[in-house]
Structures are given as C-alpha cells and as structure tokens.
Amino acid sequence: MDVTALAAVVPVLGWATHSGYLIRSLATARRDPLTDLPTRAAFTARASRLLAKSPNAVVLLVNLDDFKAVNDTYGHDVGDAVLTATAQRLALWAGPHGIAARLGGDEFAAAVPDLARTPGPRALGWALNQPVTHHGTRLPVGASAGFCHRHDLPVPDLSAALTHADAAMYADKDRGRRGRRNTHN
C-alpha cells in the first residue's frame, strides 16, 4: 500500500472507531446500568409519542415502599436485587408495545398504549408486591403505583400525566400505610 492510500485510510479508521464509541456511549446513557431499563430521557421521548398517538394510553409511576429499610437492613447488593426484580416485573407487565423505565432511585415509570394490552392493574400490583429471593433469603417487597389515563387529561401532555400519576401513587402509598391498598386506581 502506498503512503497516499495509507494516509487516507488512517483518518477513516479513526473516525469509524470514534463513531462506534459514540454510538455505544449514547446507547449506554439511555439505559440504566443496574436494571437495563431505559432512563428518564428515553422514557420521556417514547412516552410522549405514545401519549400523543394512543387515545387509550396510560402512564403510571411506581415507587417501592420502605426501600431505604431494605438497603439499611440487608445492604445495597440486596437493594439492587430488589430494584432489578421490580424492573423486570414492570417491563414484563408493560409488554412490547409499552415502555418501562427507571427514573432514579426506587422510582419507576411506564406508559402503555392501552391497559387492555397489559395483564391489568391488579396483576401489576400483585407482581410488584411479590417477595424477592436473594441468595436464599425471601425479602418482602411493597410498591405503590399511580395511574393516569390519557382521557383524564384536557391535553395529552406527559408532564400533566406524570403529575396525575404521582398524586395517585401517593394516595396508593397512603392507603397501603393504613392497610387498605387499592391496586386498581
């Protein structure tokens, strides 16, 4: 290979390598490294589109109950196992047409085009409240969920849907504290 051809190939290889690195970095930034769920940015983009085009869309927020106690009592590796199990359960519930995401800490979100395309709110409540087994130890898990149906919004806006879902989630959390949880709000 002559020097001129080599001089042309080297920068092309460099740019190809750099482009591959950037693509992998962007994909990594849009996925939570622990749960492998999409992050807030990826969720926001997809959920906004879903809410805009699906008349029966539903947005929900999920928060683990007393999660700090799990970390404090059993350690962060056990807390990570609970977060991972919650992520898998929520993603399975949302299915291929919806999106489940970890927003941060012990807070998760999902958006689905229609509840009829999911196992339903009761099934989600049951799944999220199942114990998690980690190294032979069964850990009790509790989660509160709040739903917002698109038809409850004057304008199909994700920010408004998340605000409504957040209020419903805290109402569910309060009912759980009083022993009257209702997983089909």
# chains A, B, ... in the order shown; residues from 1 in each chain; ligands from 1

$ residues_around --residues "Val82 (chain A)" --least-positions-apart "5" --cutoff "9 Å" --atoms "only C-alpha atoms" --output "list in words"
Phe67, Val70, Asp77, Ala87, Pro131, Val132, Thr133, His134, Leu139 and Val141 of chain A

$ select_by_dssp --residues "region 23-101 of chain A" --states "alpha helix (DSSP H)" --output "MDAnalysis selection string"
chainID A and resid 23:29 40:53 67:74 76:94

$ closest_residue --among "A:Ala123, A:Ala110, A:Leu115, A:Ala145" --to "Arg46 (chain A)" --atoms "only C-alpha atoms"
A:Ala110

$ atom_distance --atom1 "CA of Tyr74 (chain A)" --atom2 "CA of Arg102 (chain A)"
21.6 Å

$ select_by_dssp --residues "region 13-183 of chain A" --states "strand (DSSP E or B)" --output "VMD selection string"
chain A and resid 31 38 58 to 64 99 to 104 107 to 112 132 to 134 137 to 139 143 to 149

$ write_last_selection --atoms "N, CA and C atoms" --output "mmCIF file, in the first residue's frame"
data_model
loop_
_atom_site.group_PDB
_atom_site.id
_atom_site.type_symbol
_atom_site.label_atom_id
_atom_site.label_comp_id
_atom_site.auth_asym_id
_atom_site.auth_seq_id
_atom_site.Cartn_x
_atom_site.Cartn_y
_atom_site.Cartn_z
ATOM 1 N N ARG A 31 -29.800 3.923 28.958
ATOM 2 C CA ARG A 31 -30.218 2.724 29.692
ATOM 3 C C ARG A 31 -29.629 2.779 31.090
ATOM 4 N N PRO A 38 -34.762 1.650 30.171
ATOM 5 C CA PRO A 38 -34.467 2.997 29.688
ATOM 6 C C PRO A 38 -34.411 3.994 30.854
ATOM 7 N N VAL A 58 -52.036 5.004 28.891
ATOM 8 C CA VAL A 58 -51.980 5.129 30.349
ATOM 9 C C VAL A 58 -50.517 5.310 30.746
ATOM 10 N N VAL A 59 -50.292 6.242 31.653
ATOM 11 C CA VAL A 59 -48.963 6.495 32.215
ATOM 12 C C VAL A 59 -49.038 6.138 33.683
ATOM 13 N N LEU A 60 -48.001 5.483 34.189
ATOM 14 C CA LEU A 60 -48.003 5.167 35.609
ATOM 15 C C LEU A 60 -46.646 5.386 36.233
ATOM 16 N N LEU A 61 -46.683 5.649 37.520
ATOM 17 C CA LEU A 61 -45.484 5.764 38.337
ATOM 18 C C LEU A 61 -45.525 4.694 39.407
ATOM 19 N N VAL A 62 -44.365 4.150 39.723
ATOM 20 C CA VAL A 62 -44.235 3.122 40.755
ATOM 21 C C VAL A 62 -43.112 3.538 41.684
ATOM 22 N N ASN A 63 -43.365 3.415 42.971
ATOM 23 C CA ASN A 63 -42.362 3.719 43.983
ATOM 24 C C ASN A 63 -42.344 2.579 44.983
ATOM 25 N N LEU A 64 -41.153 2.074 45.292
ATOM 26 C CA LEU A 64 -41.052 0.993 46.268
ATOM 27 C C LEU A 64 -41.319 1.536 47.662
ATOM 28 N N ILE A 99 -43.591 0.963 27.413
ATOM 29 C CA ILE A 99 -42.225 1.224 27.857
ATOM 30 C C ILE A 99 -42.215 1.298 29.376
ATOM 31 N N ALA A 100 -41.240 0.655 29.972
ATOM 32 C CA ALA A 100 -40.997 0.755 31.410
ATOM 33 C C ALA A 100 -39.625 1.378 31.575
ATOM 34 N N ALA A 101 -39.457 2.211 32.606
ATOM 35 C CA ALA A 101 -38.188 2.900 32.807
ATOM 36 C C ALA A 101 -37.904 3.063 34.295
ATOM 37 N N ARG A 102 -36.630 3.186 34.599
ATOM 38 C CA ARG A 102 -36.225 3.561 35.950
ATOM 39 C C ARG A 102 -35.899 5.047 35.902
ATOM 40 N N LEU A 103 -36.652 5.826 36.690
ATOM 41 C CA LEU A 103 -36.443 7.262 36.695
ATOM 42 C C LEU A 103 -35.298 7.654 37.611
ATOM 43 N N GLY A 104 -35.039 6.822 38.605
ATOM 44 C CA GLY A 104 -33.958 7.092 39.554
ATOM 45 C C GLY A 104 -34.315 6.502 40.893
ATOM 46 N N GLU A 107 -37.732 4.742 42.017
ATOM 47 C CA GLU A 107 -38.882 5.248 41.275
ATOM 48 C C GLU A 107 -38.829 4.757 39.835
ATOM 49 N N PHE A 108 -39.946 4.202 39.396
ATOM 50 C CA PHE A 108 -40.079 3.647 38.058
ATOM 51 C C PHE A 108 -41.296 4.273 37.387
ATOM 52 N N ALA A 109 -41.329 4.189 36.071
ATOM 53 C CA ALA A 109 -42.473 4.683 35.311
ATOM 54 C C ALA A 109 -42.742 3.718 34.169
ATOM 55 N N ALA A 110 -43.955 3.782 33.666
ATOM 56 C CA ALA A 110 -44.317 3.005 32.480
ATOM 57 C C ALA A 110 -45.380 3.777 31.720
ATOM 58 N N ALA A 111 -45.446 3.503 30.449
ATOM 59 C CA ALA A 111 -46.516 4.033 29.606
ATOM 60 C C ALA A 111 -46.919 2.910 28.661
ATOM 61 N N VAL A 112 -48.210 2.733 28.524
ATOM 62 C CA VAL A 112 -48.737 1.695 27.634
ATOM 63 C C VAL A 112 -49.815 2.317 26.748
ATOM 64 N N VAL A 132 -38.930 -10.988 46.901
ATOM 65 C CA VAL A 132 -37.760 -11.208 46.054
ATOM 66 C C VAL A 132 -36.827 -12.133 46.812
ATOM 67 N N THR A 133 -36.359 -13.173 46.151
ATOM 68 C CA THR A 133 -35.413 -14.088 46.782
ATOM 69 C C THR A 133 -34.008 -13.713 46.333
ATOM 70 N N HIS A 134 -33.131 -13.515 47.321
ATOM 71 C CA HIS A 134 -31.740 -13.151 47.029
ATOM 72 C C HIS A 134 -30.832 -14.012 47.897
ATOM 73 N N THR A 137 -32.594 -15.886 50.644
ATOM 74 C CA THR A 137 -33.405 -15.120 51.594
ATOM 75 C C THR A 137 -34.583 -14.497 50.864
ATOM 76 N N ARG A 138 -35.801 -14.735 51.393
ATOM 77 C CA ARG A 138 -37.007 -14.122 50.819
ATOM 78 C C ARG A 138 -37.219 -12.770 51.472
ATOM 79 N N LEU A 139 -37.271 -11.764 50.635
ATOM 80 C CA LEU A 139 -37.427 -10.389 51.115
ATOM 81 C C LEU A 139 -38.810 -9.867 50.766
ATOM 82 N N ALA A 143 -44.822 -2.067 46.847
ATOM 83 C CA ALA A 143 -44.732 -0.989 45.873
ATOM 84 C C ALA A 143 -46.075 -0.284 45.782
ATOM 85 N N SER A 144 -46.010 1.006 45.561
ATOM 86 C CA SER A 144 -47.210 1.804 45.336
ATOM 87 C C SER A 144 -47.203 2.245 43.880
ATOM 88 N N ALA A 145 -48.375 2.246 43.268
ATOM 89 C CA ALA A 145 -48.486 2.630 41.857
ATOM 90 C C ALA A 145 -49.618 3.622 41.677
ATOM 91 N N GLY A 146 -49.404 4.548 40.768
ATOM 92 C CA GLY A 146 -50.436 5.513 40.406
ATOM 93 C C GLY A 146 -50.585 5.576 38.902
ATOM 94 N N PHE A 147 -51.814 5.539 38.441
ATOM 95 C CA PHE A 147 -52.128 5.517 37.008
ATOM 96 C C PHE A 147 -52.761 6.826 36.586
ATOM 97 N N CYS A 148 -52.481 7.238 35.353
ATOM 98 C CA CYS A 148 -53.174 8.368 34.741
ATOM 99 C C CYS A 148 -53.580 7.955 33.333
ATOM 100 N N HIS A 149 -54.863 7.978 33.069
ATOM 101 C CA HIS A 149 -55.395 7.655 31.745
ATOM 102 C C HIS A 149 -55.391 8.925 30.883
#

$ atom_distance --atom1 "CA of Pro113 (chain A)" --atom2 "CA of Ser54 (chain A)"
5.4 Å

$ closest_residue --among "A:Leu51, A:Asn71, A:Asp172, A:Asp66" --to "Ser159 (chain A)" --atoms "only C-alpha atoms"
A:Leu51

$ atom_distance --atom1 "CA of Gly79 (chain A)" --atom2 "CA of Arg30 (chain A)"
21.9 Å

$ closest_residue --among "A:Pro154, A:Pro55, A:Gly125, A:Gly176" --to "Arg89 (chain A)" --atoms "only C-alpha atoms"
A:Gly125
